[in-house]
Every structure is written in C-alpha cells, then in structure tokens.
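What follows is the content of entry_5.txt, which has compact mmCIF, C-alpha atoms and all ligand atoms:
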# COMPACT_ATOMS: atom_id res chain seq x y z
CA MET A 49 25.36 31.95 -64.35
CA LEU A 50 26.54 30.87 -67.78
CA LYS A 51 29.65 28.72 -67.67
CA ILE A 52 31.70 27.54 -70.62
CA LYS A 53 34.33 24.88 -70.05
CA ASP A 54 36.97 23.66 -72.47
CA LEU A 55 34.76 24.31 -75.49
CA HIS A 56 35.99 23.14 -78.87
CA VAL A 57 34.18 23.93 -82.12
CA SER A 58 35.30 23.05 -85.63
CA TYR A 59 33.94 23.79 -89.08
CA GLY A 60 35.27 20.96 -91.21
CA GLY A 61 39.03 21.33 -90.85
CA ILE A 62 38.91 24.77 -89.21
CA HIS A 63 39.33 24.60 -85.45
CA ALA A 64 37.45 27.82 -84.62
CA LEU A 65 37.36 27.45 -80.80
CA ARG A 66 40.26 25.64 -79.16
CA GLY A 67 39.20 24.98 -75.61
CA ILE A 68 37.74 28.21 -74.24
CA ASP A 69 36.62 28.79 -70.64
CA LEU A 70 34.30 31.70 -69.88
CA GLU A 71 31.87 32.75 -67.16
CA VAL A 72 28.99 35.21 -67.26
CA PRO A 73 27.75 35.87 -63.71
CA ASP A 74 24.11 36.87 -63.28
CA GLY A 75 23.47 40.59 -63.36
CA LYS A 76 26.75 41.50 -65.05
CA ILE A 77 27.90 42.71 -68.43
CA VAL A 78 30.64 40.55 -69.89
CA THR A 79 32.40 41.23 -73.17
CA LEU A 80 34.34 39.00 -75.49
CA ILE A 81 36.65 41.02 -77.70
CA GLY A 82 38.95 39.94 -80.49
CA ALA A 83 39.93 40.52 -84.10
CA ASN A 84 38.04 39.40 -87.18
CA GLY A 85 37.82 35.64 -87.33
CA ALA A 86 38.96 35.08 -83.73
CA GLY A 87 35.86 32.96 -83.07
CA LYS A 88 33.61 35.42 -81.24
CA SER A 89 30.50 34.77 -83.31
CA THR A 90 31.16 31.06 -83.15
CA ALA A 91 31.06 31.23 -79.36
CA LEU A 92 27.69 33.01 -79.33
CA ARG A 93 26.26 30.77 -82.01
CA THR A 94 27.30 27.69 -80.06
CA ILE A 95 25.63 28.97 -76.88
CA SER A 96 22.43 29.65 -78.86
CA GLY A 97 22.42 26.15 -80.30
CA LEU A 98 22.99 27.28 -83.88
CA VAL A 99 26.41 25.63 -84.10
CA LYS A 100 27.37 22.22 -82.76
CA ALA A 101 30.29 21.85 -80.39
CA GLU A 102 32.91 19.18 -80.77
CA SER A 103 33.54 18.84 -77.05
CA GLY A 104 33.38 20.71 -73.75
CA SER A 105 30.38 22.03 -71.88
CA ILE A 106 28.16 25.08 -71.65
CA THR A 107 25.90 25.23 -68.62
CA TYR A 108 23.30 27.78 -67.65
CA ASP A 109 22.13 27.67 -64.04
CA GLY A 110 23.82 24.28 -63.89
CA LYS A 111 21.95 22.80 -66.88
CA GLU A 112 23.85 21.62 -69.93
CA LEU A 113 22.99 23.57 -73.09
CA LEU A 114 24.96 21.54 -75.58
CA GLY A 115 22.67 19.24 -77.51
CA GLN A 116 19.52 21.18 -76.61
CA PRO A 117 17.31 22.46 -79.43
CA ILE A 118 17.34 26.20 -80.08
CA TYR A 119 13.85 26.80 -78.69
CA LYS A 120 14.77 25.12 -75.38
CA ILE A 121 17.72 27.46 -74.99
CA LEU A 122 15.45 30.41 -75.69
CA GLU A 123 12.96 29.06 -73.16
CA MET A 124 15.71 28.95 -70.55
CA GLY A 125 15.95 32.72 -70.93
CA ILE A 126 18.83 33.16 -73.35
CA ALA A 127 18.25 35.45 -76.32
CA MET A 128 20.58 36.63 -79.04
CA VAL A 129 20.80 39.83 -81.05
CA PRO A 130 22.55 38.60 -84.18
CA GLU A 131 25.25 40.39 -86.12
CA GLY A 132 23.82 42.60 -88.85
CA ARG A 133 20.50 42.93 -86.97
CA ARG A 134 18.50 40.60 -89.29
CA ILE A 135 15.22 42.32 -88.68
CA LEU A 136 12.36 41.62 -91.08
CA THR A 137 12.42 44.47 -93.53
CA ASN A 138 8.88 44.00 -94.92
CA LEU A 139 7.22 43.94 -91.52
CA THR A 140 6.49 46.92 -89.32
CA VAL A 141 8.37 47.73 -86.14
CA LEU A 142 5.48 46.41 -84.05
CA GLU A 143 5.26 43.18 -86.07
CA ASN A 144 9.00 42.64 -85.67
CA LEU A 145 8.64 43.05 -81.90
CA LYS A 146 5.78 40.57 -81.77
CA ILE A 147 7.91 37.99 -83.57
CA GLY A 148 10.36 38.21 -80.67
CA ALA A 149 7.57 36.93 -78.42
CA TYR A 150 6.60 33.97 -80.62
CA LEU A 151 7.23 31.38 -77.93
CA ARG A 152 5.03 33.19 -75.41
CA LYS A 153 1.33 32.79 -74.86
CA ASP A 154 0.71 35.40 -72.15
CA LYS A 155 -1.04 38.11 -74.15
CA ALA A 156 -1.11 40.63 -71.33
CA GLY A 157 2.58 40.08 -70.61
CA ILE A 158 3.46 40.54 -74.27
CA GLU A 159 1.51 43.80 -74.39
CA ARG A 160 3.28 44.99 -71.22
CA ASP A 161 6.67 44.13 -72.68
CA ILE A 162 5.93 45.99 -75.92
CA GLN A 163 5.35 49.04 -73.71
CA TRP A 164 8.57 48.22 -71.82
CA VAL A 165 10.55 48.12 -75.10
CA TYR A 166 8.90 51.39 -76.18
CA SER A 167 9.92 53.00 -72.91
CA LEU A 168 13.52 51.96 -73.55
CA PHE A 169 13.34 53.07 -77.19
CA PRO A 170 10.83 55.91 -77.62
CA ARG A 171 12.02 56.14 -81.23
CA LEU A 172 10.55 52.70 -81.92
CA GLN A 173 7.21 53.75 -80.49
CA GLU A 174 7.10 56.79 -82.79
CA ARG A 175 7.83 54.46 -85.69
CA SER A 176 5.75 51.46 -84.73
CA TRP A 177 3.96 51.36 -88.13
CA GLN A 178 7.08 51.98 -90.19
CA LEU A 179 8.53 49.07 -92.17
CA GLY A 180 11.73 47.65 -90.69
CA GLY A 181 13.64 48.09 -93.93
CA THR A 182 13.06 51.85 -93.91
CA LEU A 183 14.63 52.42 -90.49
CA SER A 184 18.13 53.87 -90.11
CA GLY A 185 20.96 51.54 -89.11
CA GLY A 186 20.80 52.67 -85.49
CA GLU A 187 17.03 52.26 -85.36
CA GLN A 188 17.34 48.77 -86.85
CA GLN A 189 19.84 47.89 -84.12
CA MET A 190 17.38 49.19 -81.51
CA LEU A 191 14.66 47.07 -83.08
CA ALA A 192 16.90 43.99 -83.03
CA VAL A 193 17.55 44.57 -79.32
CA GLY A 194 13.86 45.20 -78.68
CA ARG A 195 12.89 42.02 -80.48
CA ALA A 196 15.33 40.00 -78.34
CA LEU A 197 13.91 41.62 -75.19
CA MET A 198 10.41 40.48 -76.21
CA SER A 199 11.36 36.95 -75.19
CA ARG A 200 11.95 38.38 -71.67
CA PRO A 201 15.49 37.00 -71.52
CA LYS A 202 17.54 36.64 -68.37
CA LEU A 203 20.66 36.67 -70.51
CA MET A 204 20.92 38.72 -73.68
CA MET A 205 23.79 38.02 -76.04
CA MET A 206 24.75 40.62 -78.61
CA ASP A 207 26.92 40.12 -81.67
CA GLU A 208 28.73 43.35 -82.57
CA PRO A 209 25.93 45.84 -81.89
CA SER A 210 28.16 48.75 -82.93
CA LEU A 211 29.00 47.41 -86.38
CA GLY A 212 28.51 49.99 -89.12
CA LEU A 213 26.99 52.64 -86.84
CA ALA A 214 28.09 56.24 -86.43
CA PRO A 215 29.98 57.04 -83.19
CA LEU A 216 27.09 58.98 -81.63
CA VAL A 217 24.67 56.16 -82.35
CA VAL A 218 27.16 53.66 -80.91
CA ARG A 219 27.20 55.68 -77.71
CA ASP A 220 23.40 55.55 -77.53
CA ILE A 221 23.40 51.78 -78.05
CA PHE A 222 25.90 51.26 -75.24
CA GLU A 223 23.86 53.51 -72.93
CA ILE A 224 20.83 51.35 -73.67
CA ILE A 225 22.83 48.18 -72.97
CA LYS A 226 23.71 49.59 -69.54
CA GLU A 227 20.09 50.53 -68.88
CA ILE A 228 18.83 47.07 -69.86
CA ASN A 229 21.43 45.59 -67.52
CA ARG A 230 20.35 47.92 -64.69
CA GLN A 231 16.84 46.55 -65.21
CA GLY A 232 18.10 43.08 -64.41
CA VAL A 233 19.16 41.52 -67.72
CA THR A 234 22.60 39.88 -67.83
CA VAL A 235 24.54 40.77 -70.98
CA LEU A 236 27.17 38.94 -73.01
CA LEU A 237 28.51 41.27 -75.64
CA ILE A 238 30.95 40.51 -78.42
CA GLU A 239 32.63 43.45 -80.03
CA GLN A 240 35.43 44.63 -82.23
CA ASN A 241 34.94 48.08 -80.72
CA ALA A 242 37.04 47.08 -77.73
CA ASN A 243 37.18 50.54 -76.26
CA MET A 244 33.43 50.98 -75.82
CA ALA A 245 32.91 47.35 -74.89
CA LEU A 246 35.52 47.36 -72.11
CA LYS A 247 34.25 50.68 -70.76
CA THR A 248 30.78 49.21 -70.52
CA ALA A 249 31.54 45.72 -69.26
CA ASP A 250 32.20 44.44 -65.76
CA TYR A 251 34.46 41.68 -67.11
CA GLY A 252 36.20 41.08 -70.40
CA TYR A 253 37.83 38.24 -72.25
CA VAL A 254 40.25 38.54 -75.15
CA LEU A 255 39.88 35.86 -77.80
CA GLU A 256 42.70 35.23 -80.28
CA THR A 257 42.47 32.53 -82.95
CA GLY A 258 40.11 30.45 -80.90
CA GLN A 259 41.78 30.79 -77.51
CA ILE A 260 41.26 33.09 -74.54
CA THR A 261 44.54 34.93 -74.05
CA LEU A 262 43.57 37.49 -71.39
CA THR A 263 40.81 38.11 -68.92
CA GLY A 264 40.08 40.71 -66.27
CA THR A 265 37.69 43.45 -65.30
CA GLY A 266 36.84 45.89 -68.08
CA ARG A 267 38.98 48.48 -66.36
CA GLU A 268 41.98 46.15 -66.02
CA LEU A 269 41.86 45.22 -69.68
CA LEU A 270 41.55 48.87 -70.74
CA ALA A 271 44.79 49.55 -68.87
CA ASN A 272 46.57 46.45 -70.16
CA GLU A 273 49.50 47.28 -72.48
CA ALA A 274 48.93 44.34 -74.82
CA VAL A 275 45.23 45.20 -75.15
CA LYS A 276 46.03 48.86 -75.76
CA LYS A 277 48.43 47.96 -78.53
CA ALA A 278 46.35 45.31 -80.26
CA TYR A 279 42.78 46.53 -79.76
CA LEU A 280 42.70 50.14 -78.68
CA GLY A 281 44.97 51.56 -81.37
CA GLU A 282 47.31 53.15 -78.83
P1 LIG B 1 33.97 38.38 -87.09
O1 LIG B 1 34.12 39.49 -86.15
O2 LIG B 1 34.65 38.60 -88.40
O3 LIG B 1 32.58 37.84 -87.22
P2 LIG B 1 34.55 36.27 -85.25
O4 LIG B 1 35.57 36.49 -84.19
O5 LIG B 1 33.16 36.36 -84.87
O6 LIG B 1 34.86 37.21 -86.46
P3 LIG B 1 33.91 33.68 -86.30
O7 LIG B 1 32.89 34.21 -87.24
O8 LIG B 1 33.48 32.98 -85.10
O9 LIG B 1 34.88 34.85 -85.87
O10 LIG B 1 34.90 32.75 -87.15
C1 LIG B 1 35.95 31.97 -86.57
C2 LIG B 1 36.62 31.15 -87.65
O11 LIG B 1 35.71 30.13 -88.11
C3 LIG B 1 37.03 31.93 -88.88
O12 LIG B 1 38.25 31.38 -89.35
C4 LIG B 1 35.91 31.67 -89.86
O13 LIG B 1 36.35 31.76 -91.19
C5 LIG B 1 35.49 30.26 -89.52
N1 LIG B 1 34.04 30.04 -89.76
C6 LIG B 1 33.01 30.71 -89.22
N2 LIG B 1 31.82 30.23 -89.63
C7 LIG B 1 32.11 29.22 -90.48
C8 LIG B 1 31.31 28.32 -91.25
N3 LIG B 1 29.97 28.35 -91.20
N4 LIG B 1 31.97 27.41 -92.02
C9 LIG B 1 33.32 27.37 -92.06
N5 LIG B 1 34.12 28.18 -91.35
C10 LIG B 1 33.54 29.09 -90.57
What is this structure when it is put down as structure tokens?
Amino acid sequence: MLKIKDLHVSYGGIHALRGIDLEVPDGKIVTLIGANGAGKSTALRTISGLVKAESGSITYDGKELLGQPIYKILEMGIAMVPEGRRILTNLTVLENLKIGAYLRKDKAGIERDIQWVYSLFPRLQERSWQLGGTLSGGEQQMLAVGRALMSRPKLMMMDEPSLGLAPLVVRDIFEIIKEINRQGVTVLLIEQNANMALKTADYGYVLETGQITLTGTGRELLANEAVKKAYLGE
C-alpha cells in the first residue's frame, strides 16, 4: 500500500501541493484527476523521487520514500510512465524495452518479461526492430508502458497516458491498463481525461490547486454533480 500523508511540495515560491493525503491499496487502480497545473505531475514526481518534498510523508509497504534515491524507489517496485512518453527515439523497440530492465541482472527473467510485454502488446513485437521515433503516438505510449513493466513493478504510476491520442487509441490504452492490473500490478493514474480515468479506476481523488477536494470510488465521482460540471463537461 502506498500512503501519502500531509504532503507539501513547493517550487521556489509556488506551493504546488498543500498537504495532500492519498492511499493506493495493493491490487487496485487509483486515479488522481484535476485541471492543468493542479499538481498532479508534482505528486507523481515526488513519489518517484524526482522532486523533493517540503514536509509530510510517503510510505510504501510502511517504508518511507521521501529522501530515498530514485533507484531505491524503483527497486522497491515503483515504476513511472512519464508524461509525453519520453521513449528513446533513436533506439529500437526492443532496445527501449531492455533499458526498462537496467537495474536487473536476471537474464532469463528479463527475456521472459520481454515476451510478457509482447503478449500484452503484440504490436510492439511486430515492430521490435523499428526505431522508437518512427512509431505512432499510441505505439509510443504502449512502448513507454512496456518499458516501465520491464522493471517488474508492483506499482505502476502513469502520467496522462491519454494525452494527444485519438479516442480509439485511448480506449485501447485503458483496456491495457485494466489487463495489467488484472495481472497483479497496482496502478496510480493521473489524467485530465476524467471520464475514462474514473470509469477505469476503483478509487479517485480530485486535486484542485494543490489540495484534494473530493474522493470516492470511481463510480461515485462519475455521478458527483461537481465532478460532472468541472471535469466531465456535463
Ligand atoms: P499538467 O496536467 O498541466 O501537467 P499538473 O496537475 O500535473 O498539470 P504540475 O505540473 O504538478 O500540475 O504543476 C503544479 C504547479 O507547480 C503549477 O503551478 C506549475 O506551474 C508549478 N510547477 C511545476 N513544475 C515546476 C517547476 N519545475 N518549477 C516551478 N514550478 C513548477
């Protein structure tokens, strides 16, 4: 279980997170939704160790993450799929996947997990020798997810996987997220596409200017009038 308590993060004078509390139970899909600039990416980046917190705590299985180096957090089983994919455009699909396993030494396990990723994304297998930069946006997102899976995470965090993708491709990506979760990976998903995210998630949190303003099951939030008005365009 990932547990965030009273987390504050500032960038210079900007107080990006103002005391958020959030829980991601094992085996679930949790989403954090909110407008541009609400602080969603900051939350993920702080969990990953990329951004320093000012105060508060983030524990995973009871261990404090704040202050740990990035590789330690990865070793604890937490991987992130960053916003905008950030795959390596001059490397092949297969090379990109192998980079996701850079902390591992178990050759046989890595080989098995490449096959696992290919079974989740047959399209990547067909294109294993293609350069990352020549993939479509949806394929690049699949590759970014595949690369994160290559660290064999227990918790996978995703920053706006639907950004810039066509609706049909977005649907595919969310189907894959559910499948990965069914195979035992816990998911923390941040999204501006609140509709898809809440339909997919077990629990949701609404973040507004650095504070959690609402929380509930995905279904409860989908039916919430304030959420409908602000995030679902109804
Ligand atoms: P988006 O969906 O646009 O990425 P977000 O909800 O993820 O938005 P954050 O990127 O976490 O929001 O940003 C929260 C606030 O912190 C914003 O006001 C943003 O301008 C500010 N911020 C983010 N990163 C930095 C940084 N490196 N330096 C200074 N301010 C930052």
- Would you please work out which residue, of A:Ile228, A:Leu139, A:Leu65, A:Leu197, is nearest to ligand LIG 1 (chain B) when using all atoms listed in the file?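 Smallest separation from ligand LIG 1 (chain B) among the options: A:Leu65.
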- Query: Taking into account all atoms listed in the file, which residue in the set A:Thr182, A:Thr107, A:Gln240, A:Thr263 is nearest to Leu211 of chain A?
  - Reply: A:Gln240
- Message: Env of Ile221 of chain A: 9 Å cut, atoms = all atoms listed in the file, seq-sep filter 6 positions within chain, self excluded. Answer as a PyMOL selection string.
- Response: chain A and resi 186+189-190+209-210
- Task: Check every protein, DNA and RNA residue against ligand LIG 1 (chain B), keep those with an atom at most 7 Å away (counting all atoms listed in the file), and present them as a PyMOL selection string.
- Result: chain A and resi 59-60+62+64+82-91+240
- Hey, which of A:Asp69, A:Glu227, A:Glu273, A:Asp74 ends up closest to Ser167 of chain A? Count all atoms listed in the file.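 Looking only at the distances to Ser167 of chain A, the closest residue turns out to be A:Glu227.
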- From the list A:Met124, A:Met205, A:Leu136, A:Met244, which residue is nearest Val218 of chain A when using only C-alpha atoms? A:Met244
- Message: One number please: atom CA of Gly61 of chain A to atom CA of Leu114 of chain A, in Å, one decimal.
- Response: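 Value for the atom CA of Gly61 of chain A-atom CA of Leu114 of chain A distance: 20.8 Å.
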- Query: Which residue gives the smallest distance to Asn243 of chain A among A:Leu113, A:Ile81, A:Met49, A:Leu191, with all atoms listed in the file counted?
  - Reply: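 Residue with the minimum atom-to-atom distance to Asn243 of chain A: A:Ile81.
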